[in-house]
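> The structure that follows is given in the form of C-alpha cells.
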Amino acid sequence: MATADSTDEFRMSLMEHLGELRTRLLRFTIAVLVLGSASLMFAREIYGILMRPVLLSLPSDAASLVYTSAIEEINVLMKIGLYAGVFLSTPVLLWQIWGFVAPGLYQNERKLAGPFIIFGTLAFVAGALFCYFLLLPQMFTFLLQKEDSAAITRRLSTAKLTEQDAVRYLRLGDFTRAAAWARTATGSLTAPGEGQTTEGAFGLTLIPKADVDVLARLDGLGRLIDALSLARGPELSQKLIDVTDKRGAAVKAFGEQEYGKASTLLDEAATLLVAAANDKGDDVAALWELEKLLGVGQARIDSINWTKPMLSMTEQLTLVLVLELAFGVIFELPLVMAVLGLVGLVSSAFLFKYQRHAFVLCLVAAAIITPTGDAVNLALMAGPMLLCYELGVVLVWLVEKRRARQVPPPPA
C-alpha cells in the first residue's frame, strides 16, 4: 500500500469517497450522452453492421428482420445510439476508474494511468471484434441454418448456374457442350457426400413436396422446348407442338393437384422432346435428367425448411449487443484483476488456490451467456474467459513481485 505521507495526503472520508464516485459516474454519463447523441446520425449504418452475421445466416428468401410495432424501429435506433455511446466512452470509464482507485496506489504506480486506459480500451475492442468475427457467425449459423438444407442449397445453387449455361449452349445449337455442362451438374448433384441429391431421396422425417418437384420440372421442360426451338428452327415446329401439348396436359394435372399424373405426363413429353432431337437425343436427355434432379433438390430444400425464421429487430439487436458487451468485459478481466491486485483486494496466492473454482464458474457463466447448446460456441465463449483469467493471475503475480522489490528492507 502507499506510504504514510501519501496516505495522509489522499485520506478521504466515506462521504468524500461517495461524492467522488458520484462525480466520476456523472462524467461518464455525460460522455455517454454526448457520444451517443453523435452516434444517432449513423445509427442505421451501425445497425446494419451489427446485424450482418444474422442476415448472412438466414435463408436467402428470409434474409430480413421485422418490426412488430410502429415505433419499434425508432426504439432500435435509439438503443443503437445509447450502446454506441457506452462503447465509445470506454476510455472515459477506464479513466474515471483509475482516478477513483489512484489514491490507494504508490506514487510511481499512479503513473500507469496512460497504459491502463490504452490497453484497457484495446482489450475491450479486441473482445468485441472477437465476438463479431468468430462467435456470432458460428452461433447464428448453428441457430438459423439446417445442416442438410445448407449443403443441398450449395450444390443446387452451383448446379442451377451450370444449367443456365447448358441451356444457353442448347439455344446456340452446340448440343455437345450443352450435354457436357448438364452431365457435369448432374454429377455434382449425385456425388456422394453431404447434400447429395438423387431421385427418391426423401427421408421419413421430411414433408413431401411433390408440387415443388413437378413445378420445377414444368419450368425446366419449358426452357428446353424454347432452347431447342431456337436451335433447330421451323423443322421441329410440329414435333415441338406435340411436346408442348403434352406439357399443357401436365400443367392441367398440376392445377388439379394430380402430381403423380403430371409427373408421368412430363416424362412422356420429355421422351417426345428427345425423339424430336433425332441424333442429338442423348444430349437432350442429359439436360432433362439435370432438370429432374434440380426439381428433386428444390423439393428436398422446401421439405426440410418447412419452418422459416421471422426475427424481430429488437430481439436480435439485444442478443448481439449483450454478447458484444460480454466479450468486451471478458477481455478486460486481466486488467481488472491487476488493478484489484494493485489496491490489495486480491492476491496471486488466493487466485491460484481457487483456480479450479474459477474454471467452473467460467464454464457456468459461458453456458449461461451462450444462447446455443453446442460445444463449439461454448468453447468460443469459455476459452477466452479462461485464458483471460489465467492472464489476470499472471499480472497480479507480476504486480506483487514488482511491489516486493520496491518495499525497503526493515531496519536492522
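The chains in the C-alpha cells are called A, B, ... from first to last as shown; in each chain the residues are counted from 1, and the ligands are counted from 1 in the order shown.
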Might you pull out every residue within 12 Å of Asp165 of chain A, with only C-alpha atoms counted and same-chain residues fewer than 5 positions away left off, and present them as number ranges by chain?
A: 158-160, 170-172, 174-175, 177-182, 184-185, 227, 287
> Residues near segment 336-345 of chain A, anyone? I mean within 10 Å using only C-alpha atoms, not counting same-chain ones fewer than 5 positions away, as a PDB file with N, CA and C atoms, in the first residue's frame.

```
ATOM      1  N   MET A   1       0.843  -1.190   0.000  1.00  0.00           N
ATOM      2  CA  MET A   1       0.000   0.000   0.000  1.00  0.00           C
ATOM      3  C   MET A   1       0.875   1.235   0.000  1.00  0.00           C
ATOM      4  N   ALA A   2       0.257   2.395  -0.032  1.00  0.00           N
ATOM      5  CA  ALA A   2       1.010   3.638  -0.122  1.00  0.00           C
ATOM      6  C   ALA A   2       1.730   3.916   1.182  1.00  0.00           C
ATOM      7  N   ILE A  97     -12.301   5.148 -13.541  1.00  0.00           N
ATOM      8  CA  ILE A  97     -11.999   4.057 -12.609  1.00  0.00           C
ATOM      9  C   ILE A  97     -10.600   4.219 -12.039  1.00  0.00           C
ATOM     10  N   TRP A  98      -9.651   4.536 -12.918  1.00  0.00           N
ATOM     11  CA  TRP A  98      -8.275   4.720 -12.439  1.00  0.00           C
ATOM     12  C   TRP A  98      -8.178   5.894 -11.470  1.00  0.00           C
ATOM     13  N   VAL A 101      -9.378   4.797  -7.977  1.00  0.00           N
ATOM     14  CA  VAL A 101      -8.526   3.898  -7.181  1.00  0.00           C
ATOM     15  C   VAL A 101      -7.120   4.444  -6.996  1.00  0.00           C
ATOM     16  N   ALA A 102      -6.761   5.487  -7.724  1.00  0.00           N
ATOM     17  CA  ALA A 102      -5.386   6.010  -7.662  1.00  0.00           C
ATOM     18  C   ALA A 102      -4.934   6.397  -6.261  1.00  0.00           C
ATOM     19  N   PRO A 103      -5.790   6.995  -5.400  1.00  0.00           N
ATOM     20  CA  PRO A 103      -5.315   7.358  -4.061  1.00  0.00           C
ATOM     21  C   PRO A 103      -4.776   6.190  -3.243  1.00  0.00           C
ATOM     22  N   GLY A 104      -5.141   4.972  -3.555  1.00  0.00           N
ATOM     23  CA  GLY A 104      -4.649   3.817  -2.805  1.00  0.00           C
ATOM     24  C   GLY A 104      -3.388   3.216  -3.376  1.00  0.00           C
ATOM     25  N   LEU A 105      -2.766   3.868  -4.363  1.00  0.00           N
ATOM     26  CA  LEU A 105      -1.584   3.321  -5.010  1.00  0.00           C
ATOM     27  C   LEU A 105      -0.337   4.087  -4.615  1.00  0.00           C
ATOM     28  N   TYR A 106       0.817   3.461  -4.870  1.00  0.00           N
ATOM     29  CA  TYR A 106       2.075   4.167  -4.693  1.00  0.00           C
ATOM     30  C   TYR A 106       2.182   5.298  -5.714  1.00  0.00           C
ATOM     31  N   GLU A 109       3.073   4.121  -9.108  1.00  0.00           N
ATOM     32  CA  GLU A 109       2.029   3.322  -9.734  1.00  0.00           C
ATOM     33  C   GLU A 109       0.933   4.192 -10.338  1.00  0.00           C
ATOM     34  N   PHE A 116      -2.956   1.867 -18.607  1.00  0.00           N
ATOM     35  CA  PHE A 116      -4.195   1.215 -18.200  1.00  0.00           C
ATOM     36  C   PHE A 116      -5.342   1.597 -19.134  1.00  0.00           C
ATOM     37  N   GLY A 120      -6.620  -1.062 -21.751  1.00  0.00           N
ATOM     38  CA  GLY A 120      -7.996  -1.415 -21.414  1.00  0.00           C
ATOM     39  C   GLY A 120      -8.940  -1.191 -22.581  1.00  0.00           C
ATOM     40  N   VAL A 329     -16.135  -7.080 -21.822  1.00  0.00           N
ATOM     41  CA  VAL A 329     -15.837  -7.153 -20.387  1.00  0.00           C
ATOM     42  C   VAL A 329     -14.903  -8.322 -20.083  1.00  0.00           C
ATOM     43  N   ILE A 330     -15.127  -9.463 -20.759  1.00  0.00           N
ATOM     44  CA  ILE A 330     -14.263 -10.629 -20.533  1.00  0.00           C
ATOM     45  C   ILE A 330     -12.812 -10.302 -20.863  1.00  0.00           C
ATOM     46  N   PHE A 331     -12.585  -9.619 -21.954  1.00  0.00           N
ATOM     47  CA  PHE A 331     -11.214  -9.274 -22.332  1.00  0.00           C
ATOM     48  C   PHE A 331     -10.623  -8.196 -21.427  1.00  0.00           C
ATOM     49  N   LEU A 351      -5.772 -16.399  -5.854  1.00  0.00           N
ATOM     50  CA  LEU A 351      -6.265 -16.759  -7.178  1.00  0.00           C
ATOM     51  C   LEU A 351      -5.796 -18.148  -7.588  1.00  0.00           C
ATOM     52  N   CYS A 388      -8.234 -15.346 -20.202  1.00  0.00           N
ATOM     53  CA  CYS A 388      -8.167 -14.023 -19.574  1.00  0.00           C
ATOM     54  C   CYS A 388      -7.972 -14.147 -18.068  1.00  0.00           C
ATOM     55  N   TYR A 389      -8.617 -15.141 -17.465  1.00  0.00           N
ATOM     56  CA  TYR A 389      -8.419 -15.347 -16.034  1.00  0.00           C
ATOM     57  C   TYR A 389      -6.964 -15.709 -15.738  1.00  0.00           C
ATOM     58  N   LEU A 391      -4.351 -15.018 -17.536  1.00  0.00           N
ATOM     59  CA  LEU A 391      -3.519 -13.831 -17.755  1.00  0.00           C
ATOM     60  C   LEU A 391      -3.642 -12.864 -16.588  1.00  0.00           C
ATOM     61  N   GLY A 392      -4.850 -12.743 -16.033  1.00  0.00           N
ATOM     62  CA  GLY A 392      -5.034 -11.885 -14.869  1.00  0.00           C
ATOM     63  C   GLY A 392      -4.236 -12.371 -13.671  1.00  0.00           C
ATOM     64  N   VAL A 393      -4.213 -13.684 -13.470  1.00  0.00           N
ATOM     65  CA  VAL A 393      -3.425 -14.253 -12.364  1.00  0.00           C
ATOM     66  C   VAL A 393      -1.939 -13.905 -12.539  1.00  0.00           C
ATOM     67  N   VAL A 394      -1.450 -14.044 -13.764  1.00  0.00           N
ATOM     68  CA  VAL A 394      -0.047 -13.713 -14.035  1.00  0.00           C
ATOM     69  C   VAL A 394       0.225 -12.234 -13.776  1.00  0.00           C
ATOM     70  N   LEU A 395      -0.689 -11.366 -14.184  1.00  0.00           N
ATOM     71  CA  LEU A 395      -0.494  -9.935 -13.965  1.00  0.00           C
ATOM     72  C   LEU A 395      -0.477  -9.596 -12.475  1.00  0.00           C
ATOM     73  N   VAL A 396      -1.370 -10.214 -11.699  1.00  0.00           N
ATOM     74  CA  VAL A 396      -1.365  -9.972 -10.249  1.00  0.00           C
ATOM     75  C   VAL A 396      -0.056 -10.442  -9.637  1.00  0.00           C
ATOM     76  N   TRP A 397       0.446 -11.570 -10.090  1.00  0.00           N
ATOM     77  CA  TRP A 397       1.734 -12.083  -9.586  1.00  0.00           C
ATOM     78  C   TRP A 397       2.873 -11.124  -9.925  1.00  0.00           C
ATOM     79  N   LEU A 398       2.860 -10.576 -11.131  1.00  0.00           N
ATOM     80  CA  LEU A 398       3.890  -9.611 -11.523  1.00  0.00           C
ATOM     81  C   LEU A 398       3.792  -8.335 -10.693  1.00  0.00           C
ATOM     82  N   VAL A 399       2.560  -7.899 -10.413  1.00  0.00           N
ATOM     83  CA  VAL A 399       2.376  -6.708  -9.575  1.00  0.00           C
ATOM     84  C   VAL A 399       2.970  -6.941  -8.192  1.00  0.00           C
ATOM     85  N   GLU A 400       2.723  -8.122  -7.620  1.00  0.00           N
ATOM     86  CA  GLU A 400       3.256  -8.421  -6.292  1.00  0.00           C
ATOM     87  C   GLU A 400       4.776  -8.481  -6.309  1.00  0.00           C
ATOM     88  N   ARG A 403       6.096  -4.923  -6.480  1.00  0.00           N
ATOM     89  CA  ARG A 403       5.965  -4.219  -5.203  1.00  0.00           C
ATOM     90  C   ARG A 403       6.970  -4.735  -4.173  1.00  0.00           C
TER      91      ARG A 403
END
```
> Out of A:Met139, A:Val251, A:Leu333, A:Ala285, which residue has the shortest atom-to-atom distance to Thr370 of chain A when counting only C-alpha atoms?
A:Met139
> Which one of A:Leu82, A:Leu363, A:Ala253, A:Leu290 sits closest to Ala166 of chain A if you count only C-alpha atoms?
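Distance minimum relative to Ala166 of chain A lands on A:Leu290.
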> Could you find all residues in segment 119-282 of chain A that DSSP calls helix (DSSP H, G or I) from the backbone, and write them as a ChimeraX atom specification?
/A:119-144,147-171,175-190,210-255,259-276,278-282
> Please determine, counting only C-alpha atoms, which residue among A:Phe254, A:Asp226, A:Ala375, A:Val86 has the shortest atom-to-atom distance to Phe124 of chain A.
A:Val86
> Leaving out Tyr67 of chain A and any residue of its chain fewer than 2 positions from it, which residues lie within 9 Å of it when counting only C-alpha atoms, given as a list in words?
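Within the cut-off, the hits are Leu65, Ser69, Ala70, Ile71, Glu72, Glu73, Leu311, Ser312, Met313 and Thr314 of chain A.
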> Please produce a file of those selected residues containing C-alpha atoms, as a PDB file, in the first residue's frame.

```pdb
ATOM      1  CA  LEU A  65     -35.723  -8.573 -39.919  1.00  0.00           C
ATOM      2  CA  SER A  69     -44.940  -2.040 -33.834  1.00  0.00           C
ATOM      3  CA  ALA A  70     -44.832   1.373 -35.449  1.00  0.00           C
ATOM      4  CA  ILE A  71     -42.208   2.695 -33.047  1.00  0.00           C
ATOM      5  CA  GLU A  72     -40.015  -0.409 -32.756  1.00  0.00           C
ATOM      6  CA  GLU A  73     -37.623   0.721 -35.478  1.00  0.00           C
ATOM      7  CA  LEU A 311     -36.704 -12.427 -36.390  1.00  0.00           C
ATOM      8  CA  SER A 312     -37.564  -9.103 -34.814  1.00  0.00           C
ATOM      9  CA  MET A 313     -35.207  -6.155 -34.892  1.00  0.00           C
ATOM     10  CA  THR A 314     -35.251  -5.585 -31.136  1.00  0.00           C
TER      11      THR A 314
END
```
> What is the distance between atom CA of Leu112 of chain A and atom CA of Arg402 of chain A, in Å to one decimal?
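That distance, rounded to one decimal, is 13.3 Å.
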> Give the answer as one residue: which of A:Arg300, A:Leu88, A:Glu291, A:Leu33 has the shortest atom-to-atom distance to Gln164 of chain A, using only C-alpha atoms?
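When distances to Gln164 of chain A are compared using only C-alpha atoms, the smallest one comes from A:Glu291.
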> Any idea what's packed within 10 Å of segment 318-327 of chain A, counting only C-alpha atoms, ignoring anything in its chain fewer than 4 positions away? Could you give it as an MDAnalysis selection string?
chainID A and resid 50:51 53:54 76 79:80 83:84 86:87 123:132 135:136 313:314 331:333 366 369:371 381 384:385
> Write a file of the just-selected residues containing N, CA and C atoms, as a short mmCIF file (atom, residue, chain, number, x, y, z; two decimals), in the first residue's frame.

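again.cif was written with the following content:
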```cif
data_model
loop_
_atom_site.label_atom_id
_atom_site.label_comp_id
_atom_site.auth_asym_id
_atom_site.auth_seq_id
_atom_site.Cartn_x
_atom_site.Cartn_y
_atom_site.Cartn_z
N LEU A 50 -24.03 -4.45 -37.34
CA LEU A 50 -24.24 -5.39 -36.25
C LEU A 50 -25.09 -6.58 -36.67
N MET A 51 -26.04 -6.36 -37.55
CA MET A 51 -26.95 -7.43 -37.96
C MET A 51 -26.41 -8.25 -39.13
N PRO A 53 -23.98 -10.55 -39.35
CA PRO A 53 -23.89 -12.00 -39.09
C PRO A 53 -25.25 -12.70 -39.05
N VAL A 54 -26.27 -11.98 -38.58
CA VAL A 54 -27.61 -12.56 -38.54
C VAL A 54 -28.15 -12.76 -39.94
N VAL A 76 -35.20 0.90 -31.72
CA VAL A 76 -33.96 0.19 -32.04
C VAL A 76 -32.84 1.19 -32.33
N LYS A 79 -31.68 2.79 -29.17
CA LYS A 79 -30.85 1.86 -28.40
C LYS A 79 -29.45 1.76 -29.00
N ILE A 80 -29.39 1.78 -30.33
CA ILE A 80 -28.09 1.78 -31.00
C ILE A 80 -27.26 2.97 -30.56
N TYR A 83 -26.05 2.45 -26.83
CA TYR A 83 -24.97 1.47 -26.68
C TYR A 83 -23.70 1.93 -27.39
N ALA A 84 -23.86 2.61 -28.51
CA ALA A 84 -22.67 3.15 -29.18
C ALA A 84 -21.98 4.16 -28.27
N VAL A 86 -21.99 4.07 -25.01
CA VAL A 86 -21.30 3.30 -23.96
C VAL A 86 -20.00 2.72 -24.49
N PHE A 87 -20.03 2.15 -25.69
CA PHE A 87 -18.82 1.55 -26.25
C PHE A 87 -17.75 2.62 -26.50
N ALA A 123 -8.22 -3.83 -25.20
CA ALA A 123 -8.75 -5.13 -24.79
C ALA A 123 -10.26 -5.20 -25.02
N PHE A 124 -10.95 -4.12 -24.70
CA PHE A 124 -12.40 -4.09 -24.90
C PHE A 124 -12.75 -4.21 -26.39
N VAL A 125 -12.02 -3.47 -27.21
CA VAL A 125 -12.26 -3.54 -28.66
C VAL A 125 -11.93 -4.93 -29.19
N ALA A 126 -10.84 -5.52 -28.70
CA ALA A 126 -10.46 -6.87 -29.14
C ALA A 126 -11.54 -7.89 -28.79
N GLY A 127 -12.12 -7.76 -27.59
CA GLY A 127 -13.19 -8.67 -27.20
C GLY A 127 -14.42 -8.53 -28.08
N ALA A 128 -14.77 -7.27 -28.40
CA ALA A 128 -15.93 -7.04 -29.26
C ALA A 128 -15.68 -7.59 -30.67
N LEU A 129 -14.48 -7.39 -31.20
CA LEU A 129 -14.16 -7.89 -32.54
C LEU A 129 -14.12 -9.42 -32.56
N PHE A 130 -13.59 -10.02 -31.50
CA PHE A 130 -13.57 -11.49 -31.40
C PHE A 130 -14.99 -12.03 -31.46
N CYS A 131 -15.88 -11.40 -30.71
CA CYS A 131 -17.28 -11.83 -30.71
C CYS A 131 -17.90 -11.66 -32.08
N TYR A 132 -17.64 -10.53 -32.73
CA TYR A 132 -18.30 -10.22 -34.01
C TYR A 132 -17.83 -11.14 -35.13
N LEU A 135 -17.48 -15.53 -32.95
CA LEU A 135 -18.60 -16.16 -32.25
C LEU A 135 -19.92 -15.99 -32.99
N LEU A 136 -20.27 -14.76 -33.36
CA LEU A 136 -21.60 -14.50 -33.93
C LEU A 136 -21.86 -15.30 -35.21
N MET A 313 -36.37 -7.04 -34.97
CA MET A 313 -35.21 -6.15 -34.89
C MET A 313 -34.71 -6.03 -33.46
N THR A 314 -35.64 -5.84 -32.52
CA THR A 314 -35.25 -5.59 -31.14
C THR A 314 -34.57 -6.79 -30.51
N PHE A 331 -12.59 -9.62 -21.95
CA PHE A 331 -11.21 -9.27 -22.33
C PHE A 331 -10.62 -8.20 -21.43
N GLU A 332 -11.47 -7.52 -20.64
CA GLU A 332 -10.97 -6.56 -19.65
C GLU A 332 -10.56 -7.25 -18.35
N LEU A 333 -10.93 -8.53 -18.20
CA LEU A 333 -10.72 -9.22 -16.93
C LEU A 333 -9.27 -9.18 -16.43
N ALA A 366 -20.20 -19.10 -19.10
CA ALA A 366 -20.21 -19.24 -20.57
C ALA A 366 -21.47 -19.97 -21.02
N ILE A 369 -24.39 -17.44 -20.71
CA ILE A 369 -24.36 -16.34 -21.68
C ILE A 369 -24.60 -16.84 -23.09
N THR A 370 -24.00 -18.00 -23.43
CA THR A 370 -24.12 -18.51 -24.79
C THR A 370 -25.54 -19.01 -25.03
N PRO A 371 -26.23 -18.49 -26.06
CA PRO A 371 -27.62 -18.91 -26.30
C PRO A 371 -27.76 -20.24 -27.00
N MET A 381 -16.79 -19.18 -26.13
CA MET A 381 -17.07 -18.28 -25.01
C MET A 381 -16.18 -18.60 -23.81
N PRO A 384 -11.75 -18.01 -24.22
CA PRO A 384 -11.19 -16.69 -23.91
C PRO A 384 -11.35 -16.29 -22.45
N MET A 385 -12.47 -16.71 -21.85
CA MET A 385 -12.69 -16.37 -20.45
C MET A 385 -11.63 -17.01 -19.55
#
```
> In Å, how far is it from atom CA of Ile152 of chain A to atom CA of Ala286 of chain A?
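Computing the Euclidean distance for atom CA of Ile152 of chain A and atom CA of Ala286 of chain A yields 20.7 Å.
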> When you look at Gly260 of chain A with a cut-off of 10 Å (counting only C-alpha atoms), what residues show up, excluding the ones that are within fewer than 6 positions of it in the same chain? I need them as a PyMOL selection string.
chain A and resi 210-211+214+250+253-254+266
> Only N, CA and C atoms, please: the residues just picked out, written as a PDB file, in the first residue's frame.

```pdb
ATOM      1  N   ALA A 210     -44.187 -32.741 -53.486  1.00  0.00           N
ATOM      2  CA  ALA A 210     -44.299 -33.165 -54.876  1.00  0.00           C
ATOM      3  C   ALA A 210     -44.682 -32.009 -55.773  1.00  0.00           C
ATOM      4  N   ASP A 211     -45.449 -31.052 -55.248  1.00  0.00           N
ATOM      5  CA  ASP A 211     -45.859 -29.914 -56.068  1.00  0.00           C
ATOM      6  C   ASP A 211     -44.652 -29.071 -56.476  1.00  0.00           C
ATOM      7  N   VAL A 214     -42.727 -31.075 -59.250  1.00  0.00           N
ATOM      8  CA  VAL A 214     -43.400 -31.021 -60.547  1.00  0.00           C
ATOM      9  C   VAL A 214     -43.313 -29.622 -61.146  1.00  0.00           C
ATOM     10  N   ALA A 250     -49.846 -31.794 -68.648  1.00  0.00           N
ATOM     11  CA  ALA A 250     -49.203 -31.898 -67.329  1.00  0.00           C
ATOM     12  C   ALA A 250     -49.534 -30.679 -66.473  1.00  0.00           C
ATOM     13  N   ALA A 253     -52.987 -31.190 -65.088  1.00  0.00           N
ATOM     14  CA  ALA A 253     -52.960 -32.138 -63.968  1.00  0.00           C
ATOM     15  C   ALA A 253     -52.361 -31.495 -62.722  1.00  0.00           C
ATOM     16  N   PHE A 254     -51.361 -30.663 -62.902  1.00  0.00           N
ATOM     17  CA  PHE A 254     -50.760 -29.955 -61.770  1.00  0.00           C
ATOM     18  C   PHE A 254     -51.795 -29.043 -61.113  1.00  0.00           C
ATOM     19  N   LEU A 266     -45.107 -35.411 -67.849  1.00  0.00           N
ATOM     20  CA  LEU A 266     -43.842 -34.706 -68.109  1.00  0.00           C
ATOM     21  C   LEU A 266     -42.795 -35.654 -68.669  1.00  0.00           C
TER      22      LEU A 266
END
```
> Find, counting only C-alpha atoms, the residue in A:Leu215, A:Leu228, A:Leu293, A:Leu378 that gets nearest to Thr198 of chain A.
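Between A:Leu215, A:Leu228, A:Leu293, A:Leu378, the residue approaching Thr198 of chain A most closely is A:Leu293.
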> Which residue, A:Asp213, A:Asp282, A:Glu390, A:Glu235, has the smallest gap to Ser303 of chain A when you use only C-alpha atoms?
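Selected residue with least distance to Ser303 of chain A: A:Asp213.
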> Could you list, as a PyMOL selection string, every residue within 10 Å of Met41 of chain A, counting only C-alpha atoms and ignoring same-chain residues fewer than 4 positions away?
chain A and resi 36-37+45-46+77+81
> The selected residues should be written to file as an mmCIF file, in the first residue's frame (atoms: N, CA and C atoms).

```
data_model
loop_
_atom_site.group_PDB
_atom_site.id
_atom_site.type_symbol
_atom_site.label_atom_id
_atom_site.label_comp_id
_atom_site.auth_asym_id
_atom_site.auth_seq_id
_atom_site.Cartn_x
_atom_site.Cartn_y
_atom_site.Cartn_z
ATOM 1 N N GLY A 36 -23.243 9.213 -27.550
ATOM 2 C CA GLY A 36 -24.428 8.516 -28.031
ATOM 3 C C GLY A 36 -25.265 9.391 -28.948
ATOM 4 N N SER A 37 -25.401 10.664 -28.612
ATOM 5 C CA SER A 37 -26.145 11.584 -29.477
ATOM 6 C C SER A 37 -25.466 11.724 -30.831
ATOM 7 N N GLU A 45 -26.654 2.774 -40.109
ATOM 8 C CA GLU A 45 -25.472 2.100 -40.655
ATOM 9 C C GLU A 45 -24.863 1.159 -39.615
ATOM 10 N N ILE A 46 -24.804 1.602 -38.361
ATOM 11 C CA ILE A 46 -24.260 0.757 -37.293
ATOM 12 C C ILE A 46 -25.127 -0.489 -37.111
ATOM 13 N N LEU A 77 -33.136 2.197 -33.111
ATOM 14 C CA LEU A 77 -32.116 3.187 -33.457
ATOM 15 C C LEU A 77 -31.688 3.979 -32.226
ATOM 16 N N GLY A 81 -27.885 4.157 -30.539
ATOM 17 C CA GLY A 81 -27.167 5.354 -30.106
ATOM 18 C C GLY A 81 -26.668 5.242 -28.681
#
```
> Kindly give the distance, in Å, that separates atom CA of Trp306 of chain A and atom CA of Ser60 of chain A, rounded to a single decimal.
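Distance reported for this atom pair: 14.6 Å.
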> List as an MDAnalysis selection string the protein and nucleic acid residues near Ile117 of chain A, meaning an atom at most 10 Å away when only C-alpha atoms are counted, but skip any in the same chain fewer than 4 places from it.
chainID A and resid 90:98 112:113 121:123 335
